[in-house]
file model.cif (mmCIF, C-alpha atoms)
data_upload
#
loop_
_atom_site.group_PDB
_atom_site.id
_atom_site.type_symbol
_atom_site.label_atom_id
_atom_site.label_comp_id
_atom_site.auth_asym_id
_atom_site.auth_seq_id
_atom_site.Cartn_x
_atom_site.Cartn_y
_atom_site.Cartn_z
ATOM 1 C CA MET A 1 142.191 209.076 177.302
ATOM 2 C CA GLY A 2 140.377 205.892 176.287
ATOM 3 C CA ARG A 3 143.426 203.829 177.168
ATOM 4 C CA ARG A 4 143.484 205.251 180.714
ATOM 5 C CA PHE A 5 139.823 204.354 181.184
ATOM 6 C CA LYS A 6 140.566 200.830 180.001
ATOM 7 C CA ASN A 7 143.323 200.439 182.553
ATOM 8 C CA ASN A 8 141.039 201.662 185.321
ATOM 9 C CA TYR A 9 138.401 199.145 184.324
ATOM 10 C CA GLU A 10 141.002 196.396 184.305
ATOM 11 C CA ASN A 11 142.098 197.329 187.814
ATOM 12 C CA VAL A 12 138.531 197.235 189.086
ATOM 13 C CA ASN A 13 137.835 193.915 187.350
ATOM 14 C CA SER A 14 141.021 192.442 188.800
ATOM 15 C CA TYR A 15 139.920 193.505 192.270
ATOM 16 C CA LEU A 16 136.451 192.019 191.751
ATOM 17 C CA ASN A 17 137.998 188.734 190.682
ATOM 18 C CA GLU A 18 140.126 188.711 193.831
ATOM 19 C CA ILE A 19 136.982 189.103 195.900
ATOM 20 C CA LEU A 20 135.254 186.227 194.115
ATOM 21 C CA ASN A 21 138.316 184.032 194.497
ATOM 22 C CA ASN A 22 138.705 185.023 198.160
ATOM 23 C CA THR A 23 142.282 186.146 197.556
ATOM 24 C CA ASN A 24 142.181 189.908 198.095
ATOM 25 C CA GLU A 25 143.863 191.326 201.191
ATOM 26 C CA TYR A 26 140.693 192.623 202.814
ATOM 27 C CA ARG A 27 138.707 189.404 202.904
ATOM 28 C CA GLY A 28 139.126 187.192 205.924
ATOM 29 C CA LYS A 29 140.330 190.029 208.156
ATOM 30 C CA PHE A 30 138.919 190.192 211.637
ATOM 31 C CA LYS A 31 138.461 192.861 214.252
ATOM 32 C CA VAL A 32 140.308 192.866 217.556
ATOM 33 C CA SER A 33 138.315 193.249 220.750
ATOM 34 C CA THR A 34 139.060 196.096 223.147
ATOM 35 C CA GLY A 35 138.067 193.752 225.965
ATOM 36 C CA ILE A 36 135.183 196.097 226.870
ATOM 37 C CA GLU A 37 132.038 194.630 225.357
ATOM 38 C CA ASN A 38 129.866 197.698 224.936
ATOM 39 C CA ILE A 39 132.705 199.689 223.370
ATOM 40 C CA ASP A 40 133.264 196.887 220.844
ATOM 41 C CA LYS A 41 129.592 197.099 219.875
ATOM 42 C CA LEU A 42 129.795 200.871 219.595
ATOM 43 C CA ILE A 43 132.787 200.911 217.224
ATOM 44 C CA GLY A 44 131.509 198.143 214.986
ATOM 45 C CA GLY A 45 132.721 194.938 216.600
ATOM 46 C CA GLY A 46 136.250 195.854 217.621
ATOM 47 C CA ILE A 47 139.441 197.505 216.419
ATOM 48 C CA SER A 48 140.194 197.391 212.688
ATOM 49 C CA ASN A 49 142.735 199.128 210.455
ATOM 50 C CA GLN A 50 141.621 202.655 211.229
ATOM 51 C CA LEU A 51 142.771 205.786 213.053
ATOM 52 C CA TYR A 52 141.087 206.117 216.450
ATOM 53 C CA VAL A 53 141.300 209.339 218.460
ATOM 54 C CA ILE A 54 139.956 209.360 222.025
ATOM 55 C CA GLY A 55 139.754 212.481 224.157
ATOM 56 C CA ALA A 56 139.300 213.152 227.865
ATOM 57 C CA MET A 57 139.986 215.816 230.444
ATOM 58 C CA PRO A 58 143.170 215.713 232.579
ATOM 59 C CA SER A 59 143.478 212.952 235.210
ATOM 60 C CA PHE A 60 140.455 211.161 233.800
ATOM 61 C CA GLY A 61 142.038 207.766 233.198
ATOM 62 C CA LYS A 62 143.319 208.238 229.662
ATOM 63 C CA THR A 63 146.507 206.249 230.229
ATOM 64 C CA ASP A 64 144.674 203.547 232.222
ATOM 65 C CA PHE A 65 142.199 203.189 229.365
ATOM 66 C CA LEU A 66 144.906 202.764 226.725
ATOM 67 C CA ASN A 67 146.922 200.464 228.977
ATOM 68 C CA GLN A 68 143.927 198.201 229.567
ATOM 69 C CA ILE A 69 143.088 198.010 225.856
ATOM 70 C CA GLY A 70 146.739 197.295 225.021
ATOM 71 C CA ASP A 71 146.836 194.401 227.501
ATOM 72 C CA ASN A 72 143.587 192.991 226.119
ATOM 73 C CA ILE A 73 144.927 193.141 222.562
ATOM 74 C CA CYS A 74 148.049 191.222 223.594
ATOM 75 C CA ARG A 75 145.947 188.534 225.284
ATOM 76 C CA GLN A 76 144.367 187.830 221.895
ATOM 77 C CA GLY A 77 147.784 187.125 220.399
ATOM 78 C CA HIS A 78 148.438 190.461 218.673
ATOM 79 C CA GLU A 79 151.523 192.654 218.786
ATOM 80 C CA VAL A 80 151.246 196.108 220.397
ATOM 81 C CA LEU A 81 153.537 199.123 220.070
ATOM 82 C CA PHE A 82 152.808 201.543 222.920
ATOM 83 C CA PHE A 83 154.354 205.021 222.567
ATOM 84 C CA SER A 84 154.244 206.557 226.030
ATOM 85 C CA TYR A 85 154.894 210.265 226.490
ATOM 86 C CA GLN A 86 153.311 210.166 229.944
ATOM 87 C CA MET A 87 154.750 207.256 231.905
ATOM 88 C CA LYS A 88 157.738 204.983 232.108
ATOM 89 C CA GLN A 89 157.558 201.311 231.197
ATOM 90 C CA ARG A 90 157.725 200.269 234.857
ATOM 91 C CA GLU A 91 154.799 202.505 235.773
ATOM 92 C CA LEU A 92 152.644 201.054 232.996
ATOM 93 C CA THR A 93 153.586 197.533 234.060
ATOM 94 C CA ASP A 94 152.604 198.293 237.674
ATOM 95 C CA ILE A 95 149.223 199.539 236.420
ATOM 96 C CA SER A 96 148.691 196.270 234.554
ATOM 97 C CA LEU A 97 149.595 194.162 237.587
ATOM 98 C CA CYS A 98 147.370 196.210 239.882
ATOM 99 C CA ARG A 99 144.421 195.733 237.533
ATOM 100 C CA LYS A 100 145.015 191.988 237.341
ATOM 101 C CA LEU A 101 145.193 191.629 241.127
ATOM 102 C CA PHE A 102 141.908 193.500 241.441
ATOM 103 C CA LEU A 103 140.222 191.225 238.902
ATOM 104 C CA LEU A 104 141.505 188.107 240.657
ATOM 105 C CA ASN A 105 139.984 189.196 243.967
ATOM 106 C CA PRO A 106 137.949 192.449 243.814
ATOM 107 C CA ARG A 107 136.935 192.328 247.469
ATOM 108 C CA LYS A 108 140.456 191.814 248.793
ATOM 109 C CA TYR A 109 142.209 194.273 246.497
ATOM 110 C CA LYS A 110 139.595 197.011 246.060
ATOM 111 C CA LYS A 111 141.830 199.529 247.896
ATOM 112 C CA LEU A 112 145.007 198.506 246.053
ATOM 113 C CA ASP A 113 146.697 200.942 243.704
ATOM 114 C CA SER A 114 149.769 200.647 241.521
ATOM 115 C CA LEU A 115 151.990 202.461 244.044
ATOM 116 C CA ASP A 116 151.394 199.629 246.508
ATOM 117 C CA ILE A 117 153.125 197.316 244.045
ATOM 118 C CA SER A 118 156.033 199.706 243.678
ATOM 119 C CA TYR A 119 156.532 199.820 247.434
ATOM 120 C CA ASP A 120 156.139 196.067 247.889
ATOM 121 C CA GLU A 121 152.896 196.361 249.834
ATOM 122 C CA ILE A 122 151.324 193.212 248.418
ATOM 123 C CA ASP A 123 151.687 189.583 249.433
ATOM 124 C CA ARG A 124 154.372 187.775 247.460
ATOM 125 C CA GLU A 125 152.270 184.765 246.409
ATOM 126 C CA ALA A 126 149.563 186.871 244.771
ATOM 127 C CA LEU A 127 152.139 189.084 243.075
ATOM 128 C CA GLU A 128 154.017 186.107 241.648
ATOM 129 C CA LYS A 129 150.753 184.770 240.247
ATOM 130 C CA VAL A 130 149.866 187.930 238.339
ATOM 131 C CA VAL A 131 153.474 188.401 237.186
ATOM 132 C CA ASP A 132 153.420 184.914 235.639
ATOM 133 C CA ILE A 133 150.106 185.699 233.927
ATOM 134 C CA TYR A 134 151.436 189.012 232.623
ATOM 135 C CA LYS A 135 154.567 187.343 231.238
ATOM 136 C CA GLU A 136 152.521 184.704 229.465
ATOM 137 C CA GLU A 137 149.742 186.901 228.086
ATOM 138 C CA VAL A 138 151.153 190.386 227.632
ATOM 139 C CA SER A 139 154.846 191.184 228.076
ATOM 140 C CA ARG A 140 156.143 189.087 225.178
ATOM 141 C CA ARG A 141 153.777 190.847 222.757
ATOM 142 C CA ILE A 142 154.002 194.480 223.881
ATOM 143 C CA ASP A 143 156.817 196.920 223.197
ATOM 144 C CA ILE A 144 156.554 200.068 225.338
ATOM 145 C CA ILE A 145 158.586 202.953 223.931
ATOM 146 C CA GLU A 146 159.338 205.677 226.470
ATOM 147 C CA CYS A 147 159.145 208.946 224.544
ATOM 148 C CA ASP A 148 160.444 212.317 225.621
ATOM 149 C CA PHE A 149 159.007 215.485 224.144
ATOM 150 C CA LYS A 150 161.660 215.459 221.409
ATOM 151 C CA PHE A 151 160.293 212.190 220.018
ATOM 152 C CA SER A 152 158.843 213.078 216.592
ATOM 153 C CA ILE A 153 156.278 211.648 214.211
ATOM 154 C CA ASN A 154 159.103 210.396 211.973
ATOM 155 C CA GLN A 155 160.583 208.414 214.856
ATOM 156 C CA ILE A 156 157.181 206.854 215.498
ATOM 157 C CA LYS A 157 156.966 205.846 211.842
ATOM 158 C CA ASP A 158 160.502 204.408 211.869
ATOM 159 C CA ARG A 159 159.772 202.288 214.949
ATOM 160 C CA ILE A 160 156.588 200.923 213.391
ATOM 161 C CA GLU A 161 158.291 200.064 210.102
ATOM 162 C CA ASN A 162 161.239 198.422 211.894
ATOM 163 C CA HIS A 163 158.841 196.360 214.016
ATOM 164 C CA ILE A 164 157.040 195.108 210.913
ATOM 165 C CA LYS A 165 160.332 194.338 209.175
ATOM 166 C CA ILE A 166 161.924 192.490 212.093
ATOM 167 C CA LYS A 167 158.923 190.669 213.566
ATOM 168 C CA LYS A 168 157.059 190.107 210.290
ATOM 169 C CA ALA A 169 153.866 191.185 212.051
ATOM 170 C CA LYS A 170 151.794 194.350 211.928
ATOM 171 C CA PRO A 171 151.280 195.781 215.409
ATOM 172 C CA ILE A 172 148.349 197.712 216.761
ATOM 173 C CA VAL A 173 149.835 201.084 217.658
ATOM 174 C CA ILE A 174 148.854 203.044 220.766
ATOM 175 C CA ILE A 175 150.011 206.628 221.334
ATOM 176 C CA ASP A 176 149.651 208.478 224.627
ATOM 177 C CA TYR A 177 149.165 211.298 223.546
ATOM 178 C CA ILE A 178 148.981 213.217 220.246
ATOM 179 C CA GLN A 179 149.681 216.725 221.583
ATOM 180 C CA ALA A 180 153.038 215.505 222.923
ATOM 181 C CA ILE A 181 154.399 214.402 219.528
ATOM 182 C CA ARG A 182 157.178 216.788 218.513
ATOM 183 C CA SER A 183 156.794 218.942 215.458
ATOM 184 C CA LEU A 184 159.456 218.892 212.759
ATOM 185 C CA ASP A 185 158.666 222.534 212.003
ATOM 186 C CA THR A 186 159.230 224.841 214.966
ATOM 187 C CA LYS A 187 157.568 227.781 213.209
ATOM 188 C CA ILE A 188 154.036 226.370 213.050
ATOM 189 C CA THR A 189 151.326 226.658 215.704
ATOM 190 C CA ASP A 190 150.277 223.825 217.999
ATOM 191 C CA LYS A 191 147.068 223.353 216.020
ATOM 192 C CA GLU A 192 148.957 223.129 212.744
ATOM 193 C CA LYS A 193 151.430 220.702 214.333
ATOM 194 C CA ASN A 194 148.709 218.417 215.692
ATOM 195 C CA ASP A 195 146.791 218.389 212.405
ATOM 196 C CA CYS A 196 149.987 217.611 210.498
ATOM 197 C CA ASN A 197 150.894 214.767 212.864
ATOM 198 C CA LEU A 198 147.335 213.426 212.736
ATOM 199 C CA SER A 199 147.462 213.420 208.922
ATOM 200 C CA GLN A 200 150.735 211.494 208.988
ATOM 201 C CA LEU A 201 149.267 208.945 211.382
ATOM 202 C CA LYS A 202 146.365 208.499 208.967
ATOM 203 C CA ASP A 203 148.849 207.930 206.127
ATOM 204 C CA MET A 204 150.530 205.205 208.212
ATOM 205 C CA VAL A 205 147.168 203.526 208.726
ATOM 206 C CA LYS A 206 146.544 203.469 204.982
ATOM 207 C CA ASN A 207 150.053 202.714 203.729
ATOM 208 C CA LEU A 208 151.081 200.167 206.374
ATOM 209 C CA GLY A 209 147.661 198.567 206.881
ATOM 210 C CA ILE A 210 147.630 198.998 210.663
ATOM 211 C CA ALA A 211 145.357 200.290 213.426
ATOM 212 C CA ILE A 212 146.447 203.336 215.433
ATOM 213 C CA ILE A 213 144.780 204.422 218.666
ATOM 214 C CA CYS A 214 145.848 207.771 220.072
ATOM 215 C CA MET A 215 144.731 209.791 223.055
ATOM 216 C CA SER A 216 144.045 213.511 223.017
ATOM 217 C CA SER A 217 144.011 216.173 225.696
ATOM 218 C CA GLN A 218 140.901 218.282 226.246
ATOM 219 C CA SER A 219 140.577 222.021 225.718
ATOM 220 C CA ARG A 220 140.052 223.904 228.971
ATOM 221 C CA ASP A 221 136.885 225.696 227.903
ATOM 222 C CA SER A 222 135.059 222.384 227.368
ATOM 223 C CA TYR A 223 135.603 220.695 230.754
ATOM 224 C CA PHE A 224 131.964 220.974 231.848
ATOM 225 C CA LYS A 225 130.310 220.535 228.442
ATOM 226 C CA GLN A 226 129.049 217.663 226.331
ATOM 227 C CA ALA A 227 131.952 216.528 224.124
ATOM 228 C CA ASN A 228 132.147 217.720 220.530
ATOM 229 C CA TYR A 229 134.903 218.156 217.942
ATOM 230 C CA ASN A 230 136.030 221.403 219.574
ATOM 231 C CA SER A 231 136.713 219.501 222.806
ATOM 232 C CA PHE A 232 139.939 218.018 221.388
ATOM 233 C CA LYS A 233 142.760 220.366 222.371
ATOM 234 C CA ASP A 234 144.400 222.245 219.492
ATOM 235 C CA ILE A 235 143.121 220.002 216.699
ATOM 236 C CA TYR A 236 141.228 221.543 213.776
ATOM 237 C CA ASP A 237 140.789 218.657 211.340
ATOM 238 C CA ILE A 238 139.902 215.698 213.544
ATOM 239 C CA GLU A 239 136.438 215.525 212.006
ATOM 240 C CA ASP A 240 137.963 214.985 208.568
ATOM 241 C CA ILE A 241 141.076 212.957 209.406
ATOM 242 C CA ALA A 242 140.106 210.488 212.158
ATOM 243 C CA ASP A 243 138.167 207.362 211.242
ATOM 244 C CA VAL A 244 136.759 207.075 214.753
ATOM 245 C CA ALA A 245 136.546 209.934 217.251
ATOM 246 C CA ALA A 246 135.281 209.372 220.790
ATOM 247 C CA TYR A 247 135.333 210.916 224.241
ATOM 248 C CA LEU A 248 135.498 209.809 227.863
ATOM 249 C CA GLN A 249 133.365 212.152 229.958
ATOM 250 C CA PHE A 250 131.237 212.287 233.108
ATOM 251 C CA LYS A 251 127.891 210.500 232.858
ATOM 252 C CA ASN A 252 125.069 212.900 231.947
ATOM 253 C CA ILE A 253 127.583 215.733 231.846
ATOM 254 C CA SER A 254 125.164 218.243 230.315
ATOM 255 C CA GLU A 255 122.706 217.801 233.166
ATOM 256 C CA GLN A 256 125.389 217.643 235.849
ATOM 257 C CA PHE A 257 126.767 221.084 234.924
ATOM 258 C CA LYS A 258 123.636 222.691 233.541
ATOM 259 C CA ASN A 259 123.291 225.233 236.347
ATOM 260 C CA GLY A 260 125.426 226.825 239.032
ATOM 261 C CA THR A 261 128.275 229.276 239.469
ATOM 262 C CA ASP A 262 131.831 228.491 238.467
ATOM 263 C CA ILE A 263 132.672 227.618 242.080
ATOM 264 C CA GLU A 264 129.651 225.308 242.314
ATOM 265 C CA LYS A 265 130.647 223.600 239.075
ATOM 266 C CA ILE A 266 134.183 223.034 240.347
ATOM 267 C CA ARG A 267 132.761 221.574 243.562
ATOM 268 C CA LYS A 268 130.483 219.313 241.500
ATOM 269 C CA TYR A 269 133.452 218.281 239.353
ATOM 270 C CA HIS A 270 135.415 217.073 242.383
ATOM 271 C CA GLU A 271 132.350 215.343 243.775
ATOM 272 C CA LEU A 272 131.843 213.366 240.565
ATOM 273 C CA LYS A 273 135.540 212.662 240.196
ATOM 274 C CA ASN A 274 135.750 211.194 243.698
ATOM 275 C CA GLN A 275 132.852 208.780 243.193
ATOM 276 C CA TYR A 276 134.042 205.188 243.281
ATOM 277 C CA PRO A 277 133.680 203.698 240.838
ATOM 278 C CA ARG A 278 133.486 206.805 238.693
ATOM 279 C CA LYS A 279 130.442 206.831 236.410
ATOM 280 C CA ILE A 280 131.501 207.881 232.933
ATOM 281 C CA GLU A 281 130.409 207.733 229.321
ATOM 282 C CA PHE A 282 132.167 206.692 226.155
ATOM 283 C CA ALA A 283 130.701 209.151 223.657
ATOM 284 C CA LEU A 284 131.136 208.193 220.003
ATOM 285 C CA LEU A 285 131.334 211.372 217.909
ATOM 286 C CA LYS A 286 132.346 209.863 214.588
ATOM 287 C CA ASN A 287 132.552 206.432 213.022
ATOM 288 C CA ARG A 288 133.543 206.293 209.377
ATOM 289 C CA SER A 289 131.842 202.921 208.979
ATOM 290 C CA GLY A 290 128.533 204.768 209.236
ATOM 291 C CA LEU A 291 127.302 203.406 212.544
ATOM 292 C CA GLU A 292 125.071 205.766 214.473
ATOM 293 C CA CYS A 293 126.906 207.991 216.937
ATOM 294 C CA LYS A 294 125.798 207.267 220.469
ATOM 295 C CA ILE A 295 126.913 206.957 224.085
ATOM 296 C CA GLU A 296 127.705 203.906 226.214
ATOM 297 C CA ASN A 297 128.072 203.921 229.993
ATOM 298 C CA LEU A 298 131.237 202.737 231.744
ATOM 299 C CA TYR A 299 132.466 202.338 235.293
ATOM 300 C CA TYR A 300 136.007 203.407 236.089
ATOM 301 C CA TYR A 301 137.693 201.894 239.153
ATOM 302 C CA TYR A 302 140.454 204.467 239.161
ATOM 303 C CA LYS A 303 142.264 203.079 242.204
ATOM 304 C CA ASN A 304 142.571 199.773 240.384
ATOM 305 C CA ASN A 305 143.084 201.213 236.863
ATOM 306 C CA TYR A 306 140.084 199.322 235.502
ATOM 307 C CA PHE A 307 137.253 200.192 233.086
ATOM 308 C CA CYS A 308 134.210 197.956 232.660
ATOM 309 C CA SER A 309 130.659 197.913 231.306
ATOM 310 C CA GLU A 310 129.010 196.694 234.493
ATOM 311 C CA ARG A 311 129.624 197.479 238.135
ATOM 312 C CA ILE A 312 131.601 194.858 240.073
ATOM 313 C CA LYS A 313 129.357 194.040 243.029
ATOM 314 C CA GLU A 314 131.981 191.998 244.854
ATOM 315 C CA SER A 315 134.151 195.054 245.333
ATOM 316 C CA MET A 316 131.594 197.186 247.104
#
call {"tool": "encode", "arguments": {"input": "model.cif", "output": "C-alpha cells"}}
result
Amino acid sequence: MGRRFKNNYENVNSYLNEILNNTNEYRGKFKVSTGIENIDKLIGGGISNQLYVIGAMPSFGKTDFLNQIGDNICRQGHEVLFFSYQMKQRELTDISLCRKLFLLNPRKYKKLDSLDISYDEIDREALEKVVDIYKEEVSRRIDIIECDFKFSINQIKDRIENHIKIKKAKPIVIIDYIQAIRSLDTKITDKEKNDCNLSQLKDMVKNLGIAIICMSSQSRDSYFKQANYNSFKDIYDIEDIADVAAYLQFKNISEQFKNGTDIEKIRKYHELKNQYPRKIEFALLKNRSGLECKIENLYYYYKNNYFCSERIKESM
C-alpha cells in the first residue's frame, strides 16, 4: 500500500516539475476563436479541448452556425473534420460562399441565398473572388464527410484517428448532429443510444486531446420555453457528460411566449422566425471551466447564412 502511495506522489511531482520547466503538454496551448466575439467571451476565450453540445429547434440555423464556425477555425490555420448528416459537401460549400459574398458587400447581396449560387444567379467576377478566398483560407484545411444514417460512432472515431495519423495534426471535430449517429446496438432506446454516443465522444476528447463540437435537435415540448437540459432531444446525461452545453433560441423567449393560446403561440413563432435579421440568444447552460452561465444576443441573417454579435447597418 505504501509503495502505491509513493508512486502516486512521484507521478504528481513529475507533473509539477514539467510545469515548472514549461515542458508539460498543457502549457502553451491556446484557444481557437469561433469568429463570433461575444460567444468567445462566453465560453472562456474560445474553443479548447472540450466537448461542446449546442441545441436549437428545427430550421433555426444549426448547420449555418456550425458551418460558419468551421470556416472561421480554418482561417486561423487549424484543421477541421466536419461530419455532416444533414447536407452534402456542395451544399455546405455554397453556404460558405454565400456568406462571404454577403460580407464583401452586405448592401448588394442582402437578398442572396445559397441557392442563387447553385443556379448561377451571381455575377462571375464576384463569385471568382470569393472562390479564390475560400480555396486559400478554408478548403485546404477542411474535410467534409458526408454521412448517411448508417454512419456510426466507431466510423467517426476511425476517421479522426486516421486524420491525425496521416496529417500529423489534431483537427477540431464538428458533428451535425448527434441524434443522427447510428447506434451499434439496435435493441437500446434513442436516449440510451445518444448518451452512449455522447460518452464515446467525450472519451475521444480526453484520449485524443481534441475539441469536438456537436449539434443537437430540440425536444418538441420545449419549443416555446427557455432552454434547459431537458430541451436536448433524447439525451439524459448531457449535464454530466458535456463540458459546455449551450442553446440557440429566440431572444427573450420566456416573455415572447408567456401568454396566449397554442394557435397564438404558433403565429408568434412564425412572426419571430421571419424577422430579418432574426434576433436570437446564445444561452450558456453549462461551462465546466466554472464561468457563470449567461446569455449573449446574436443576429442571424438566415438568407445569407451569417451569425454576428452586432447588426449590420449597411444591409438594411
call {"tool": "closest_residue", "arguments": {"input": "model.cif", "among": "A:Ile73, A:Leu103, A:Ile36, A:Leu51", "to": "A:Ile241", "atoms": "only C-alpha atoms"}}
result
A:Leu51
call {"tool": "residues_near_point", "arguments": {"input": "model.cif", "point": "(151.1, 193.3, 221.0)", "cutoff": "12 Å", "atoms": "all atoms listed in the file", "output": "VMD selection string"}}
result
chain A and resid 32 67 69 to 82 137 to 144 163 to 164 167 169 to 174 211
call {"tool": "residues_around", "arguments": {"input": "model.cif", "residues": "A:Ile181", "least_positions_apart": "4", "cutoff": "12 Å", "atoms": "all atoms listed in the file", "output": "VMD selection string"}}
result
chain A and resid 83 to 86 147 to 157 175 to 177 185 190 193 to 198 200 to 201 214 to 216
call {"tool": "write_last_selection", "arguments": {"input": "model.cif", "atoms": "C-alpha atoms", "output": "PDB file, keeping the file's coordinate frame"}}
result
ATOM      1  CA  PHE A  83     154.354 205.021 222.567  1.00  0.00           C
ATOM      2  CA  SER A  84     154.244 206.557 226.030  1.00  0.00           C
ATOM      3  CA  TYR A  85     154.894 210.265 226.490  1.00  0.00           C
ATOM      4  CA  GLN A  86     153.311 210.166 229.944  1.00  0.00           C
ATOM      5  CA  CYS A 147     159.145 208.946 224.544  1.00  0.00           C
ATOM      6  CA  ASP A 148     160.444 212.317 225.621  1.00  0.00           C
ATOM      7  CA  PHE A 149     159.007 215.485 224.144  1.00  0.00           C
ATOM      8  CA  LYS A 150     161.660 215.459 221.409  1.00  0.00           C
ATOM      9  CA  PHE A 151     160.293 212.190 220.018  1.00  0.00           C
ATOM     10  CA  SER A 152     158.843 213.078 216.592  1.00  0.00           C
ATOM     11  CA  ILE A 153     156.278 211.648 214.211  1.00  0.00           C
ATOM     12  CA  ASN A 154     159.103 210.396 211.973  1.00  0.00           C
ATOM     13  CA  GLN A 155     160.583 208.414 214.856  1.00  0.00           C
ATOM     14  CA  ILE A 156     157.181 206.854 215.498  1.00  0.00           C
ATOM     15  CA  LYS A 157     156.966 205.846 211.842  1.00  0.00           C
ATOM     16  CA  ILE A 175     150.011 206.628 221.334  1.00  0.00           C
ATOM     17  CA  ASP A 176     149.651 208.478 224.627  1.00  0.00           C
ATOM     18  CA  TYR A 177     149.165 211.298 223.546  1.00  0.00           C
ATOM     19  CA  ASP A 185     158.666 222.534 212.003  1.00  0.00           C
ATOM     20  CA  ASP A 190     150.277 223.825 217.999  1.00  0.00           C
ATOM     21  CA  LYS A 193     151.430 220.702 214.333  1.00  0.00           C
ATOM     22  CA  ASN A 194     148.709 218.417 215.692  1.00  0.00           C
ATOM     23  CA  ASP A 195     146.791 218.389 212.405  1.00  0.00           C
ATOM     24  CA  CYS A 196     149.987 217.611 210.498  1.00  0.00           C
ATOM     25  CA  ASN A 197     150.894 214.767 212.864  1.00  0.00           C
ATOM     26  CA  LEU A 198     147.335 213.426 212.736  1.00  0.00           C
ATOM     27  CA  GLN A 200     150.735 211.494 208.988  1.00  0.00           C
ATOM     28  CA  LEU A 201     149.267 208.945 211.382  1.00  0.00           C
ATOM     29  CA  CYS A 214     145.848 207.771 220.072  1.00  0.00           C
ATOM     30  CA  MET A 215     144.731 209.791 223.055  1.00  0.00           C
ATOM     31  CA  SER A 216     144.045 213.511 223.017  1.00  0.00           C
TER      32      SER A 216
END
call {"tool": "closest_residue", "arguments": {"input": "model.cif", "among": "A:Phe102, A:Ile145, A:Lys265, A:Ser231", "to": "A:Lys88", "atoms": "only C-alpha atoms"}}
result
A:Ile145
call {"tool": "residues_around", "arguments": {"input": "model.cif", "residues": "A:Gln249", "least_positions_apart": "2", "cutoff": "9 Å", "atoms": "all atoms listed in the file", "output": "PyMOL selection string"}}
result
chain A and resi 55-57+60+223+226-227+247+251-253+279-283
call {"tool": "atom_distance", "arguments": {"input": "model.cif", "atom1": "atom CA of A:Glu128", "atom2": "atom CA of A:Tyr276"}}
result
27.7 Å
call {"tool": "atom_distance", "arguments": {"input": "model.cif", "atom1": "atom CA of A:Leu42", "atom2": "atom CA of A:Asn22"}}
result
28.1 Å
call {"tool": "atom_distance", "arguments": {"input": "model.cif", "atom1": "atom CA of A:Ile117", "atom2": "atom CA of A:His270"}}
result
26.6 Å
call {"tool": "closest_residue", "arguments": {"input": "model.cif", "among": "A:Gly35, A:Ile160, A:Leu104, A:Asp243", "to": "A:Leu284", "atoms": "only C-alpha atoms"}}
result
A:Asp243
call {"tool": "resolve_selection", "arguments": {"input": "model.cif", "expression": "the PyMOL selection byres ((chain A and resi 295-305) around 8)", "output": "ChimeraX atom specification"}}
result
/A:38-39,42,61,64-65,68,95-96,98-99,102,110-114,251,276-284,293-294,306-311
call {"tool": "closest_residue", "arguments": {"input": "model.cif", "among": "A:Lys206, A:Ile212, A:Gln218, A:Thr261", "to": "A:Asn230", "atoms": "all atoms listed in the file"}}
result
A:Gln218
call {"tool": "axis_aligned_box", "arguments": {"input": "model.cif", "around": "stretch 202-208 of chain A", "padding_each_side": "3 Å", "output": "lines of an AutoDock Vina configuration file"}}
result
center_x = 148.7
center_y = 204.3
center_z = 206.3
size_x = 10.7
size_y = 14.3
size_z = 11.2
call {"tool": "closest_residue", "arguments": {"input": "model.cif", "among": "A:Ile54, A:Ile133, A:Ala242, A:Ile122", "to": "A:Ser217", "atoms": "only C-alpha atoms"}}
result
A:Ile54
call {"tool": "closest_residue", "arguments": {"input": "model.cif", "among": "A:Asp237, A:Ile188, A:Gln50, A:Gln179", "to": "A:Val205", "atoms": "all atoms listed in the file"}}
result
A:Gln50
call {"tool": "decode", "arguments": {"input": "model.cif", "residues": "stretch 188-216 of chain A", "atoms": "C-alpha atoms", "output": "JSON list (two decimals), in the first residue's frame"}}
result
[["chain", "number", "residue", "atom", "x", "y", "z"],
["A", 188, "ILE", "CA", -31.45, 0.16, -26.99],
["A", 189, "THR", "CA", -33.66, 3.25, -26.90],
["A", 190, "ASP", "CA", -32.82, 6.52, -28.62],
["A", 191, "LYS", "CA", -31.97, 8.11, -25.28],
["A", 192, "GLU", "CA", -29.62, 5.28, -24.38],
["A", 193, "LYS", "CA", -28.05, 5.47, -27.84],
["A", 194, "ASN", "CA", -27.46, 9.23, -27.65],
["A", 195, "ASP", "CA", -26.00, 9.03, -24.14],
["A", 196, "CYS", "CA", -23.70, 6.20, -25.21],
["A", 197, "ASN", "CA", -22.52, 8.10, -28.29],
["A", 198, "LEU", "CA", -22.04, 11.27, -26.23],
["A", 199, "SER", "CA", -19.91, 9.34, -23.72],
["A", 200, "GLN", "CA", -17.76, 7.97, -26.53],
["A", 201, "LEU", "CA", -17.28, 11.45, -27.96],
["A", 202, "LYS", "CA", -16.15, 12.60, -24.51],
["A", 203, "ASP", "CA", -13.65, 9.72, -24.41],
["A", 204, "MET", "CA", -12.26, 10.87, -27.78],
["A", 205, "VAL", "CA", -11.82, 14.38, -26.39],
["A", 206, "LYS", "CA", -9.83, 13.04, -23.45],
["A", 207, "ASN", "CA", -7.86, 10.29, -25.16],
["A", 208, "LEU", "CA", -7.05, 12.09, -28.42],
["A", 209, "GLY", "CA", -6.68, 15.60, -26.97],
["A", 210, "ILE", "CA", -9.12, 17.23, -29.39],
["A", 211, "ALA", "CA", -12.12, 19.56, -29.37],
["A", 212, "ILE", "CA", -15.50, 18.24, -30.54],
["A", 213, "ILE", "CA", -18.48, 20.46, -31.30],
["A", 214, "CYS", "CA", -21.77, 18.70, -31.95],
["A", 215, "MET", "CA", -25.26, 19.95, -32.62],
["A", 216, "SER", "CA", -28.40, 18.57, -31.01]]
